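Peer 1: Structure in structure tokens, see below.
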Amino acid sequence: MARALSTCNGRANLFGSSTSNLLSPSSVCYRPLVVRMSREQPYWANIEADVETHLKEAIPIRHPVSVFEPMHHLAFAAPRTTAPALCIAACELVGGHRSQAMAAASAIQLMHAAASAHEQLPLTDRTRPKTKPATERKFGPNIELLTGDGIVPFGFELLADSLYSAQNNPDRVLRVMTEIARATGSQGVVDGQFREFIISQSDEEGAVDASSIEYVSRKKEGELHACAAACGAILGGGSEAEIEKLRSYGLYAGTIQGMLYGIGRNQKGVREMVENLRALALKEVESFKNREIEAISSLVEPELSFV
């Protein structure tokens with residue numbers, strides 16, 4: 001079952017044994033805000049453009065067109081995630097160069113695209129679909145299934161190719177491969193997708209309990225962002241302490257996104273949970289105070305507006 005986040009005071013103890021603190025007024029830094037992610041800033045837009053350019057060069061529509069056209073389409077049609085951009089930002093924060101983390105960021109985008117393609121397949125037993133596909137349906141489910149399967153090893157191929165870059169340490173790249181495999185596999189994103197599917201097929205309508213919101217958000221977006229931030233820090237040459245702080249930051253930042261835009265969307269109590277997570281996230285990066293942290297911390301900074 002889901003485990004709760006610690007309070008805003010002190011360093012986070014990741015996901016304890018109860019979910020009660022998530023909704024406790026004393027455990028959150030609550031303000032009457034409508035919280036929206038500040039993702040449209042030039043810094044993030046610039047990173048996302050670089051990742052997109054890299055992927056377009058890596059996946060051109062070429063012979064055989066029947067293979068590369070659906071791969072190209074699904075790679076860019078997936079719902080938006082800030083995990084690849086966070087990978088780059090973490091690398092730069094620890095003193096690395098953007099190019100060192102570009103292959104990893106691109107691989108993370110491909111893993112996200114593959115997971116999205118599988119999640120939105122019109123399965124024959126999904127007799128009561130409750131949401132419309134977020135990705136434009138351009139190919140049949142057989143092609144989308146096979147292409148999604150093909151995208152995953154291609155992501156690892158991009159990482160393997162980066163071993164030949166003079167800027168990358170082979171041990172770091174191999175470590176990143178392990179990180180991505182764990183975060184996107186059966187104990188990570190896939191687990192979150194399965195739990196969300198079970199909830200969507202439940203006979204219960206309306207509100208989703210807090211533990212389910214937290215669990216699915218953490219597995220689907222939180223752990224993907226945690227992996228992305230850790231990978232960026234690893235490739236940028238960060239210390240173990242820096243890697244773990246950025247991993248925790250990514251976990252909180254990604255979980256926030258799941259709560260705001262995923263399963264927690266329009267659910268009661270989410271705003272309080274998000275405020276708590278935001279405080280914990282900012283706590284993780286405050287030790288980087290002698291460096292440029294405004295950009296990376298803006299991923300969890302709210303845009304304020306009155307209810």
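Chain labels A, B, ... are given in the sequence in which chains occur in the structure tokens; within each chain residues are numbered consecutively from 1, and ligands are likewise numbered from 1 in the order shown.
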Give me every alpha helix (DSSP H) residue in region 222-287 of chain A, going by DSSP on the backbone, as a PyMOL selection string.
Peer 2: chain A and resi 223-235+240-261+270-285
Peer 1: Report as a PyMOL selection string all protein, DNA and RNA residues lying within 8 Å of region 93-109 of chain A, evaluated on only C-alpha atoms, omitting residues in the same chain fewer than 3 positions from it.
Peer 2: chain A and resi 51-52+54-55+75+81+83-85+87-90+112-113+154-156+158-159+162+167-168+176+180+228+231-233+235-238+242+291-293+296
Peer 1: Could you please take those selected residues and save C-alpha atoms as a PDB file, in the first residue's frame?
Peer 2:
ATOM      1  CA  VAL A  51      15.689  17.065 -26.466  1.00  0.00           C
ATOM      2  CA  GLU A  52      13.126  17.145 -29.284  1.00  0.00           C
ATOM      3  CA  HIS A  54      18.033  15.248 -30.600  1.00  0.00           C
ATOM      4  CA  LEU A  55      15.197  12.730 -30.882  1.00  0.00           C
ATOM      5  CA  ALA A  75       7.797   9.233 -29.622  1.00  0.00           C
ATOM      6  CA  THR A  81       6.266  15.050 -19.097  1.00  0.00           C
ATOM      7  CA  ALA A  83      11.174  14.247 -16.618  1.00  0.00           C
ATOM      8  CA  PRO A  84      13.584  14.525 -19.610  1.00  0.00           C
ATOM      9  CA  ALA A  85      14.079  18.238 -19.007  1.00  0.00           C
ATOM     10  CA  CYS A  87      17.449  15.130 -16.281  1.00  0.00           C
ATOM     11  CA  ILE A  88      19.253  17.893 -18.187  1.00  0.00           C
ATOM     12  CA  ALA A  89      18.668  20.478 -15.459  1.00  0.00           C
ATOM     13  CA  ALA A  90      20.092  18.167 -12.771  1.00  0.00           C
ATOM     14  CA  HIS A 112       7.578   7.521 -21.288  1.00  0.00           C
ATOM     15  CA  ALA A 113       6.274   7.349 -24.855  1.00  0.00           C
ATOM     16  CA  PHE A 154      15.908   1.796 -28.920  1.00  0.00           C
ATOM     17  CA  GLY A 155      16.117   4.029 -25.847  1.00  0.00           C
ATOM     18  CA  PHE A 156      18.812   1.792 -24.398  1.00  0.00           C
ATOM     19  CA  LEU A 158      20.789   5.622 -27.553  1.00  0.00           C
ATOM     20  CA  LEU A 159      22.374   5.288 -24.124  1.00  0.00           C
ATOM     21  CA  SER A 162      26.670   7.628 -25.749  1.00  0.00           C
ATOM     22  CA  GLN A 167      32.450  13.391 -22.314  1.00  0.00           C
ATOM     23  CA  ASN A 168      30.805  10.332 -20.778  1.00  0.00           C
ATOM     24  CA  VAL A 176      22.052   5.232 -15.697  1.00  0.00           C
ATOM     25  CA  ILE A 180      16.036   3.813 -16.063  1.00  0.00           C
ATOM     26  CA  ALA A 228      15.619  11.484 -14.373  1.00  0.00           C
ATOM     27  CA  CYS A 231      20.594  10.188 -13.934  1.00  0.00           C
ATOM     28  CA  GLY A 232      21.347  13.808 -14.746  1.00  0.00           C
ATOM     29  CA  ALA A 233      23.360  14.208 -11.558  1.00  0.00           C
ATOM     30  CA  LEU A 235      26.207  11.922 -15.731  1.00  0.00           C
ATOM     31  CA  GLY A 236      27.134  15.443 -14.638  1.00  0.00           C
ATOM     32  CA  GLY A 237      29.619  14.077 -12.107  1.00  0.00           C
ATOM     33  CA  GLY A 238      27.651  14.917  -8.973  1.00  0.00           C
ATOM     34  CA  GLU A 242      24.001  15.466  -4.582  1.00  0.00           C
ATOM     35  CA  ARG A 291      24.749  27.669  -7.338  1.00  0.00           C
ATOM     36  CA  GLU A 292      21.995  28.540  -9.763  1.00  0.00           C
ATOM     37  CA  ILE A 293      18.955  26.788  -8.291  1.00  0.00           C
ATOM     38  CA  ILE A 296      15.369  23.812 -11.268  1.00  0.00           C
TER      39      ILE A 296
END
Peer 1: Which residue out of A:Ala181, A:Ala115, A:Val216, A:Val67 has the minimum interatomic distance to Ile143 (chain A) when only C-alpha atoms are used?
Peer 2: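 The shortest atom-to-atom distance to Ile143 (chain A) comes from A:Val67.
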Peer 1: Could you work out how far CA of Asn266 (chain A) lies from CA of Val285 (chain A), giving the answer in Å with one decimal?
Peer 2: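 These atoms are spaced 28.9 Å apart.
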Peer 1: Which of these, A:Ala210, A:Ile151, A:Ala226, A:Ile234, has the shortest distance to Asn169 (chain A) once you count only C-alpha atoms?
Peer 2: A:Ile234
Peer 1: Go through A:Tyr215, A:Phe76, A:Tyr261, A:Phe288 and flag the residue nearest Glu48 (chain A), using only C-alpha atoms for the distances.
Peer 2: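 Looking at the shortest contact to Glu48 (chain A), the residue is A:Phe76.
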